[in-house]
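What's in work.txt: compact mmCIF, C-alpha atoms and all ligand atoms
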```
# COMPACT_ATOMS: atom_id res chain seq x y z
CA MET A 1 -75.00 -19.20 -3.66
CA ALA A 2 -75.78 -22.92 -3.92
CA ARG A 3 -78.42 -24.19 -1.51
CA GLY A 4 -75.95 -26.31 0.47
CA THR A 5 -73.56 -23.39 0.84
CA ARG A 6 -76.39 -21.15 2.03
CA ARG A 7 -77.45 -23.74 4.63
CA LEU A 8 -73.82 -24.04 5.71
CA ALA A 9 -73.58 -20.28 6.15
CA GLU A 10 -76.87 -20.15 8.11
CA GLY A 11 -75.77 -23.07 10.26
CA LEU A 12 -72.53 -21.34 11.14
CA THR A 13 -74.28 -18.25 12.52
CA ARG A 14 -73.09 -18.83 16.08
CA ALA A 15 -69.54 -19.70 15.04
CA ARG A 16 -69.43 -16.63 12.82
CA ALA A 17 -70.64 -14.44 15.70
CA GLY A 18 -68.15 -15.95 18.15
CA PHE A 19 -65.00 -17.42 16.62
CA GLY A 20 -65.37 -15.54 13.33
CA ALA A 21 -66.03 -12.16 14.93
CA GLY A 22 -62.92 -12.64 17.04
CA ILE A 23 -60.79 -13.18 13.95
CA ARG A 24 -62.33 -10.26 12.10
CA ARG A 25 -61.83 -7.98 15.09
CA VAL A 26 -58.10 -8.68 14.99
CA LEU A 27 -57.88 -8.41 11.22
CA THR A 28 -59.41 -4.99 10.73
CA ARG A 29 -58.58 -2.89 7.73
CA ASN A 30 -55.74 -0.43 8.13
CA ARG A 31 -54.46 -2.02 11.30
CA PRO A 32 -50.69 -2.33 10.93
CA ILE A 33 -49.22 -5.83 10.97
CA ASP A 34 -47.05 -6.35 14.05
CA ALA A 35 -46.24 -8.94 16.67
CA SER A 36 -49.22 -8.02 18.84
CA LEU A 37 -51.55 -8.71 15.92
CA TYR A 38 -50.20 -12.24 15.51
CA GLU A 39 -50.41 -12.80 19.27
CA GLU A 40 -54.05 -11.73 19.38
CA LEU A 41 -54.85 -13.85 16.36
CA ALA A 42 -53.19 -16.86 17.99
CA ASP A 43 -55.25 -16.35 21.16
CA THR A 44 -58.42 -16.09 19.12
CA LEU A 45 -57.75 -19.25 17.13
CA ILE A 46 -56.82 -21.23 20.22
CA LEU A 47 -59.87 -20.01 22.11
CA GLY A 48 -61.95 -21.14 19.14
CA ASP A 49 -60.74 -24.77 19.49
CA THR A 50 -58.20 -24.71 16.66
CA GLY A 51 -55.55 -26.24 18.93
CA VAL A 52 -52.12 -24.85 19.76
CA ALA A 53 -50.05 -26.81 17.23
CA VAL A 54 -52.35 -26.09 14.29
CA THR A 55 -52.67 -22.44 15.26
CA THR A 56 -48.90 -22.05 15.38
CA SER A 57 -48.40 -23.66 12.02
CA VAL A 58 -51.24 -21.70 10.36
CA LEU A 59 -49.86 -18.43 11.70
CA ASP A 60 -46.29 -19.25 10.65
CA GLU A 61 -47.58 -19.78 7.16
CA LEU A 62 -49.64 -16.59 7.30
CA GLN A 63 -46.57 -14.64 8.32
CA THR A 64 -44.50 -16.12 5.51
CA ARG A 65 -47.13 -15.44 2.89
CA ALA A 66 -47.77 -11.93 4.19
CA GLY A 67 -44.04 -11.24 3.81
CA LEU A 68 -43.97 -12.62 0.27
CA ALA A 69 -47.10 -10.71 -0.71
CA GLY A 70 -45.80 -7.50 0.87
CA ALA A 71 -49.00 -7.18 2.91
CA THR A 72 -49.00 -4.02 4.96
CA ASP A 73 -52.34 -4.00 6.76
CA ALA A 74 -54.48 -6.54 8.56
CA GLY A 75 -57.24 -6.41 5.94
CA ALA A 76 -54.90 -8.01 3.42
CA LEU A 77 -54.24 -10.84 5.87
CA ARG A 78 -57.88 -11.88 5.63
CA GLU A 79 -57.50 -13.00 2.03
CA LEU A 80 -54.33 -14.89 2.86
CA LEU A 81 -55.91 -16.57 5.88
CA VAL A 82 -58.94 -17.66 3.83
CA GLU A 83 -56.52 -19.11 1.30
CA ILE A 84 -54.50 -21.02 3.90
CA LEU A 85 -57.54 -22.41 5.71
CA SER A 86 -59.21 -23.45 2.44
CA GLU A 87 -56.08 -25.25 1.31
CA ARG A 88 -55.61 -27.04 4.58
CA LEU A 89 -59.23 -28.09 4.81
CA GLY A 90 -59.04 -29.39 1.26
CA PRO A 91 -61.51 -29.37 -1.61
CA ALA A 92 -65.10 -30.49 -1.03
CA GLU A 93 -65.34 -34.26 -1.14
CA GLU A 94 -68.48 -36.24 -1.74
CA LEU A 95 -68.95 -39.84 -0.71
CA ARG A 96 -66.83 -42.15 -2.82
CA LEU A 97 -69.10 -45.02 -3.63
CA PRO A 98 -69.11 -47.50 -6.46
CA PRO A 99 -71.64 -46.43 -9.10
CA ALA A 100 -75.21 -47.64 -8.78
CA PRO A 101 -76.00 -50.51 -11.13
CA ALA A 102 -77.77 -49.44 -14.30
CA ALA A 103 -81.25 -50.86 -14.86
CA GLY A 104 -81.13 -54.39 -16.27
CA ASP A 105 -77.56 -54.92 -15.16
CA GLY A 106 -78.14 -58.40 -13.83
CA PRO A 107 -78.66 -59.50 -10.25
CA PRO A 108 -78.56 -56.65 -7.76
CA GLY A 109 -75.36 -56.38 -5.84
CA HIS A 110 -73.28 -57.81 -8.65
CA ALA A 111 -72.52 -56.18 -11.96
CA GLN A 112 -71.55 -58.07 -15.07
CA GLY A 113 -68.31 -59.93 -14.53
CA ASP A 114 -69.47 -60.44 -10.96
CA ALA A 115 -67.92 -57.25 -9.59
CA PRO A 116 -69.90 -56.35 -6.47
CA ARG A 117 -71.86 -53.17 -6.83
CA THR A 118 -73.36 -52.75 -3.41
CA ALA A 119 -71.89 -49.67 -1.76
CA VAL A 120 -71.31 -49.86 1.98
CA VAL A 121 -71.06 -46.90 4.33
CA MET A 122 -70.18 -47.50 7.97
CA VAL A 123 -70.90 -44.74 10.47
CA VAL A 124 -69.01 -44.71 13.77
CA GLY A 125 -68.45 -42.45 16.76
CA VAL A 126 -68.90 -42.23 20.51
CA ASN A 127 -72.37 -42.04 21.99
CA GLY A 128 -74.62 -39.13 21.30
CA THR A 129 -72.54 -37.54 18.57
CA GLY A 130 -75.27 -37.88 15.95
CA LYS A 131 -74.59 -41.19 14.16
CA THR A 132 -78.21 -42.30 13.81
CA THR A 133 -79.30 -38.86 12.66
CA THR A 134 -76.42 -38.79 10.18
CA VAL A 135 -77.36 -42.18 8.76
CA ALA A 136 -80.93 -40.98 8.19
CA ARG A 137 -79.72 -37.79 6.58
CA LEU A 138 -77.30 -39.65 4.33
CA ALA A 139 -80.11 -41.97 3.30
CA HIS A 140 -82.21 -38.92 2.48
CA ARG A 141 -79.40 -37.45 0.36
CA LEU A 142 -78.78 -40.73 -1.44
CA LEU A 143 -82.50 -41.10 -2.17
CA GLY A 144 -82.35 -37.65 -3.73
CA GLU A 145 -79.51 -38.87 -5.95
CA GLY A 146 -81.61 -41.78 -7.18
CA ARG A 147 -79.88 -44.44 -5.08
CA LYS A 148 -81.69 -47.18 -3.19
CA PRO A 149 -80.38 -47.21 0.36
CA LEU A 150 -81.02 -49.71 3.11
CA ILE A 151 -80.31 -48.94 6.75
CA VAL A 152 -78.72 -51.44 9.09
CA GLN A 153 -79.07 -50.82 12.80
CA ALA A 154 -75.94 -52.46 14.19
CA ASP A 155 -76.34 -50.58 17.47
CA THR A 156 -77.67 -53.43 19.56
CA PHE A 157 -76.77 -51.73 22.84
CA ARG A 158 -79.96 -49.75 23.29
CA ALA A 159 -83.49 -50.94 22.54
CA ALA A 160 -84.32 -47.31 21.83
CA ALA A 161 -81.76 -47.25 19.04
CA THR A 162 -83.90 -49.58 16.96
CA GLU A 163 -87.04 -47.56 17.63
CA GLN A 164 -85.25 -44.38 16.64
CA ALA A 165 -83.97 -46.00 13.44
CA LEU A 166 -87.43 -47.40 12.68
CA VAL A 167 -88.96 -43.94 12.91
CA TRP A 168 -86.41 -42.59 10.41
CA ALA A 169 -86.75 -45.57 8.09
CA GLN A 170 -90.53 -45.21 8.06
CA ARG A 171 -90.30 -41.53 7.41
CA LEU A 172 -87.96 -42.14 4.50
CA GLY A 173 -89.86 -45.16 3.23
CA LEU A 174 -86.80 -47.38 3.61
CA ASP A 175 -86.08 -50.90 4.78
CA LEU A 176 -84.35 -51.32 8.10
CA VAL A 177 -82.44 -54.41 9.13
CA HIS A 178 -82.14 -54.86 12.88
CA HIS A 179 -81.83 -57.55 15.55
CA ARG A 180 -82.84 -57.83 19.17
CA PRO A 181 -80.96 -55.70 21.71
CA GLY A 182 -77.86 -57.45 22.95
CA SER A 183 -77.25 -59.43 19.78
CA ASP A 184 -74.00 -59.41 17.85
CA PRO A 185 -73.55 -56.21 15.79
CA ALA A 186 -71.44 -58.09 13.25
CA ALA A 187 -74.30 -60.53 12.67
CA VAL A 188 -76.68 -57.64 11.98
CA ALA A 189 -74.17 -56.19 9.53
CA PHE A 190 -73.95 -59.58 7.81
CA ASP A 191 -77.75 -59.82 7.49
CA GLY A 192 -77.93 -56.23 6.34
CA VAL A 193 -75.59 -56.73 3.44
CA ARG A 194 -77.27 -59.99 2.42
CA ALA A 195 -80.70 -58.30 2.58
CA ALA A 196 -79.50 -55.38 0.48
CA VAL A 197 -78.24 -57.69 -2.24
CA ALA A 198 -81.41 -59.80 -2.14
CA ARG A 199 -83.69 -56.77 -2.25
CA GLY A 200 -81.81 -54.84 -4.90
CA ARG A 201 -80.67 -52.02 -2.63
CA ASP A 202 -77.47 -50.39 -3.85
CA VAL A 203 -76.20 -48.65 -0.71
CA VAL A 204 -76.04 -50.11 2.77
CA LEU A 205 -75.76 -47.59 5.58
CA VAL A 206 -74.52 -49.21 8.77
CA ASP A 207 -75.34 -47.38 11.99
CA THR A 208 -73.27 -48.50 14.97
CA ALA A 209 -73.26 -48.18 18.74
CA GLY A 210 -71.39 -45.59 20.75
CA ARG A 211 -71.35 -47.95 23.75
CA LEU A 212 -71.48 -51.70 24.34
CA HIS A 213 -72.86 -54.29 26.73
CA THR A 214 -69.78 -56.42 26.57
CA LYS A 215 -66.38 -55.76 28.02
CA THR A 216 -64.71 -55.99 24.64
CA GLY A 217 -63.80 -52.54 23.57
CA LEU A 218 -66.10 -50.62 21.28
CA VAL A 219 -63.34 -50.30 18.75
CA GLU A 220 -62.72 -54.06 18.72
CA GLU A 221 -66.42 -54.66 18.10
CA LEU A 222 -66.44 -52.15 15.28
CA ARG A 223 -63.42 -53.83 13.72
CA LYS A 224 -65.37 -57.05 13.72
CA VAL A 225 -68.30 -55.36 11.96
CA ARG A 226 -65.85 -53.95 9.47
CA ARG A 227 -64.31 -57.37 8.80
CA VAL A 228 -67.73 -58.86 8.10
CA LEU A 229 -68.57 -56.06 5.67
CA ALA A 230 -65.21 -56.44 3.94
CA ARG A 231 -65.72 -60.18 3.59
CA GLU A 232 -69.21 -59.84 2.14
CA VAL A 233 -68.66 -57.03 -0.36
CA GLU A 234 -65.46 -56.36 -2.23
CA GLY A 235 -63.91 -53.06 -1.23
CA ALA A 236 -66.35 -52.57 1.67
CA PRO A 237 -66.74 -50.46 3.65
CA HIS A 238 -66.34 -47.92 0.85
CA GLU A 239 -66.75 -45.16 3.36
CA THR A 240 -66.08 -45.23 7.08
CA LEU A 241 -67.34 -41.98 8.51
CA LEU A 242 -66.50 -40.78 12.00
CA VAL A 243 -69.20 -38.59 13.51
CA ILE A 244 -67.89 -35.94 15.86
CA ASP A 245 -69.94 -33.57 18.00
CA GLY A 246 -68.83 -30.07 17.04
CA THR A 247 -69.78 -28.73 20.45
CA ALA A 248 -67.45 -31.14 22.28
CA GLY A 249 -64.36 -29.25 21.18
CA LEU A 250 -60.87 -30.65 21.31
CA ASN A 251 -61.90 -33.49 23.63
CA SER A 252 -62.90 -35.30 20.46
CA LEU A 253 -59.39 -35.27 19.04
CA GLU A 254 -58.00 -38.19 21.01
CA GLN A 255 -61.09 -40.31 20.29
CA ALA A 256 -60.83 -39.45 16.64
CA ARG A 257 -57.25 -40.71 16.53
CA VAL A 258 -58.21 -44.01 18.15
CA PHE A 259 -61.04 -44.56 15.65
CA ASP A 260 -58.79 -43.63 12.76
CA GLU A 261 -56.04 -46.03 13.75
CA ALA A 262 -58.45 -48.91 14.17
CA LEU A 263 -60.83 -48.33 11.29
CA ASP A 264 -59.07 -46.40 8.54
CA LEU A 265 -61.53 -43.55 8.38
CA THR A 266 -62.36 -42.12 4.97
CA GLY A 267 -64.31 -39.10 6.14
CA ILE A 268 -65.39 -37.00 9.08
CA VAL A 269 -68.87 -35.69 9.80
CA ILE A 270 -69.01 -32.86 12.30
CA THR A 271 -72.49 -32.46 13.73
CA LYS A 272 -74.14 -29.73 15.80
CA MET A 273 -72.05 -27.01 14.20
CA ASP A 274 -75.15 -24.84 14.62
CA GLY A 275 -74.66 -25.15 18.38
CA THR A 276 -71.12 -23.92 18.75
CA ALA A 277 -69.54 -20.50 18.83
CA ARG A 278 -66.11 -22.11 18.43
CA GLY A 279 -65.69 -23.07 14.82
CA GLY A 280 -62.01 -23.96 14.96
CA VAL A 281 -62.55 -27.61 15.80
CA VAL A 282 -63.06 -28.33 12.10
CA ILE A 283 -59.51 -27.20 11.32
CA ALA A 284 -58.00 -28.99 14.32
CA ILE A 285 -59.56 -32.34 13.43
CA ARG A 286 -58.80 -32.12 9.73
CA GLU A 287 -55.16 -31.35 10.47
CA ALA A 288 -54.77 -33.99 13.17
CA LEU A 289 -56.20 -36.86 11.11
CA GLY A 290 -55.54 -35.82 7.55
CA VAL A 291 -59.01 -37.18 6.81
CA PRO A 292 -61.42 -34.92 4.91
CA VAL A 293 -64.41 -33.37 6.62
CA LYS A 294 -67.11 -34.49 4.21
CA PHE A 295 -70.26 -33.20 5.86
CA VAL A 296 -71.33 -30.96 8.67
CA GLY A 297 -74.58 -31.04 10.61
CA VAL A 298 -76.11 -27.61 10.97
CA GLY A 299 -79.52 -28.19 12.55
CA GLU A 300 -82.26 -30.61 13.46
CA ARG A 301 -83.91 -31.11 10.07
CA LEU A 302 -83.46 -33.95 7.63
CA ASP A 303 -81.68 -31.76 5.11
CA ASP A 304 -79.40 -30.17 7.71
CA LEU A 305 -76.45 -32.36 6.75
CA VAL A 306 -74.54 -30.34 4.19
CA PRO A 307 -71.39 -31.06 2.21
CA PHE A 308 -68.49 -29.24 3.79
CA ASP A 309 -67.26 -26.41 1.63
CA ALA A 310 -63.91 -25.30 3.05
CA GLU A 311 -63.71 -22.01 1.25
CA ALA A 312 -67.24 -21.02 2.21
CA TYR A 313 -66.46 -21.95 5.82
CA ALA A 314 -63.21 -19.96 5.84
CA ARG A 315 -64.93 -17.00 4.23
CA GLU A 316 -67.76 -17.08 6.79
CA MET A 317 -65.24 -16.98 9.64
CA VAL A 318 -62.61 -14.61 8.29
CA GLY A 319 -64.65 -12.32 6.05
CA SER A 320 -63.27 -10.37 3.09
CA ALA A 321 -60.42 -7.88 2.89
CA GLY A 322 -62.62 -4.84 2.49
CA ALA A 323 -65.25 -5.67 5.11
N1 LIG A 401 -78.63 -29.05 16.58
C1 LIG A 401 -78.23 -30.19 16.04
N2 LIG A 401 -78.54 -31.35 16.64
C2 LIG A 401 -78.11 -32.50 16.08
C3 LIG A 401 -77.33 -32.51 14.89
N3 LIG A 401 -77.03 -33.79 14.60
C4 LIG A 401 -77.61 -34.55 15.56
N4 LIG A 401 -78.26 -33.79 16.46
C5 LIG A 401 -78.98 -34.22 17.67
O1 LIG A 401 -78.10 -34.93 18.51
C6 LIG A 401 -78.82 -35.90 19.27
C7 LIG A 401 -78.12 -37.24 19.21
O2 LIG A 401 -78.21 -37.74 17.89
P1 LIG A 401 -78.19 -39.29 17.54
O3 LIG A 401 -78.21 -39.38 16.07
O4 LIG A 401 -79.21 -40.04 18.29
O5 LIG A 401 -76.75 -39.67 18.09
P2 LIG A 401 -76.05 -41.10 18.13
O6 LIG A 401 -74.61 -40.88 17.88
O7 LIG A 401 -76.76 -42.03 17.23
O8 LIG A 401 -76.27 -41.51 19.65
P3 LIG A 401 -76.10 -43.00 20.30
O9 LIG A 401 -76.81 -43.94 19.39
O10 LIG A 401 -76.71 -42.87 21.64
O11 LIG A 401 -74.63 -43.25 20.38
C8 LIG A 401 -80.22 -35.91 18.68
O12 LIG A 401 -81.07 -35.19 19.54
C9 LIG A 401 -80.08 -35.20 17.35
O13 LIG A 401 -81.24 -34.53 16.94
C10 LIG A 401 -77.00 -31.25 14.28
O14 LIG A 401 -76.32 -31.15 13.26
N5 LIG A 401 -77.47 -30.13 14.91
MG MG A 402 -77.54 -43.91 17.54
```
Written as structure tokens, that's how I'd like the structure from this file.
Ligand SMILES: Nc1nc2c(ncn2[C@@H]2O[C@H](COP(=O)(O)OP(=O)(O)OP(=O)(O)O)[C@@H](O)[C@H]2O)c(=O)[nH]1
Ligand SMILES: [Mg+2]
Amino acid sequence: MARGTRRLAEGLTRARAGFGAGIRRVLTRNRPIDASLYEELADTLILGDTGVAVTTSVLDELQTRAGLAGATDAGALRELLVEILSERLGPAEELRLPPAPAAGDGPPGHAQGDAPRTAVVMVVGVNGTGKTTTVARLAHRLLGEGRKPLIVQADTFRAAATEQALVWAQRLGLDLVHHRPGSDPAAVAFDGVRAAVARGRDVVLVDTAGRLHTKTGLVEELRKVRRVLAREVEGAPHETLLVIDGTAGLNSLEQARVFDEALDLTGIVITKMDGTARGGVVIAIREALGVPVKFVGVGERLDDLVPFDAEAYAREMVGSAGA
């Protein structure tokens, strides 16, 4: 098992023991397939934060496929359910960033022919979901891939946000661009991108606030940050990641929709998956937004942000036919 997949499995221990055990209890080998089985499975999925609509549609599909496959006992449904969940959650998706400039490629930030090469990742979400932690962890990953990240602290709401970001930046040996609390987040973003280009950094990670001083909505402020990034670097932001707290359950769905409408999300990060026994929120959010879950947070350490592997996740929850 690849290291990331192993960490994912370890991080899902609570979900496997709660949500997963519930599913596996219903889908036991040799149990005949009948209406009560589907009812129990529906209850289990809904209780696990999968949401009513998604649960209904997943189970309709399961029923159809079970009919086609001539499945006769609940054990066989496990394989079909793993298949359906894996398909719906989609293949693993890494960050889609423009390639790092090769050595000697001319001025940093611009490749030959003047095509901008600085990659920009914007990280958004309501307060406390794990944005700052995610930015640090992404920087750590990117460093491991040989990239040269720079962190921009565009959360000017809290003074502590800058201190927190400084601690991470120091630990990672990275530059941090920040302004005084209360200043304009879009101006910090502007400086951040300029600094990255000037200093030869090839990825800018923009951390943002979950709350604001001003009465303008958070989303409006984030749109402004986004506009500045888009103006400064062609194609930016290349990734706009919404960070969702996995322990908050379906309350996050409505927020997620608002962020998606305003900011065109390219990926979801679900943090604190190690802290929930209800693993279904991953499915609910993926289905509601149609945006891939790119990473999940599974602990407190720097390398506890792992690429989301849908099949491994589904397998951890549902188990195998024979088990
Ligand atoms: N157990 C666990 N804790 C996490 C994970 N990700 C983040 N946290 C914790 O969640 C808390 C909040 O994380 P932050 O990164 O500060 O969240 P934020 O979204 O930047 O918060 P604001 O800036 O206040 O909006 C911290 O204590 C993190 O250590 C995770 O995957 N698992
Ligand atoms: Mg923060």
Step by step, measure atom-to-atom distances between ligand MG 402 (chain A) and each residue using all atoms listed in the file, keep those at most 8 Å, then write them as a PyMOL selection string.
-> chain A and resi 127-128+130-133+155+161+164-165+207-210
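Of the listed residues A:Tyr313, A:Phe157, A:Phe259, A:Phe308, the one whose atoms come nearest to ligand LIG 401 (chain A) is A:Phe157, with distances taken using all atoms listed in the file.
In this structure, CA of Pro99 in chain A sits 27.5 Å away from atom O14 of ligand LIG 401 (chain A).
A straight line drawn from CA of Arg226 in chain A to atom O8 of ligand LIG 401 (chain A) is 19.2 Å long.
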Between CA of Val281 in chain A and CA of Thr247 in chain A, distance in Å (one decimal) = 8.7 Å
Which residues come within 7 Å of Val318 in chain A, counting all atoms listed in the file, excluding same-chain residues fewer than 3 positions away, as a ChimeraX atom specification?
-> /A:20,23-24,78,82,314-315
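Considering the residues A:Asp202, A:Asp34, A:Glu145, A:Glu93 and counting all atoms listed in the file, Asp73 in chain A has its shortest atom-to-atom contact with A:Asp34.
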Using only C-alpha atoms, the residue out of A:Thr118, A:Thr134, A:Thr50, A:Thr271 with shortest distance to Ala284 in chain A is A:Thr50
Please provide as an mmCIF file with C-alpha atoms, in the coordinates of the input all residues within 12 Å of His179 in chain A, with the sequence filter that same-chain residues fewer than 5 positions apart are discarded (counting all atoms listed in the file).
```cif
data_model
loop_
_atom_site.group_PDB
_atom_site.id
_atom_site.type_symbol
_atom_site.label_atom_id
_atom_site.label_comp_id
_atom_site.auth_asym_id
_atom_site.auth_seq_id
_atom_site.Cartn_x
_atom_site.Cartn_y
_atom_site.Cartn_z
ATOM 1 C CA VAL A 152 -78.720 -51.440 9.090
ATOM 2 C CA GLN A 153 -79.070 -50.820 12.800
ATOM 3 C CA ALA A 154 -75.940 -52.460 14.190
ATOM 4 C CA ASP A 155 -76.340 -50.580 17.470
ATOM 5 C CA THR A 156 -77.670 -53.430 19.560
ATOM 6 C CA PHE A 157 -76.770 -51.730 22.840
ATOM 7 C CA ARG A 158 -79.960 -49.750 23.290
ATOM 8 C CA ALA A 159 -83.490 -50.940 22.540
ATOM 9 C CA ALA A 161 -81.760 -47.250 19.040
ATOM 10 C CA THR A 162 -83.900 -49.580 16.960
ATOM 11 C CA GLU A 163 -87.040 -47.560 17.630
ATOM 12 C CA ALA A 165 -83.970 -46.000 13.440
ATOM 13 C CA LEU A 166 -87.430 -47.400 12.680
ATOM 14 C CA ASP A 184 -74.000 -59.410 17.850
ATOM 15 C CA PRO A 185 -73.550 -56.210 15.790
ATOM 16 C CA ALA A 186 -71.440 -58.090 13.250
ATOM 17 C CA ALA A 187 -74.300 -60.530 12.670
ATOM 18 C CA VAL A 188 -76.680 -57.640 11.980
ATOM 19 C CA ALA A 189 -74.170 -56.190 9.530
ATOM 20 C CA PHE A 190 -73.950 -59.580 7.810
ATOM 21 C CA ASP A 191 -77.750 -59.820 7.490
ATOM 22 C CA GLY A 192 -77.930 -56.230 6.340
#
```
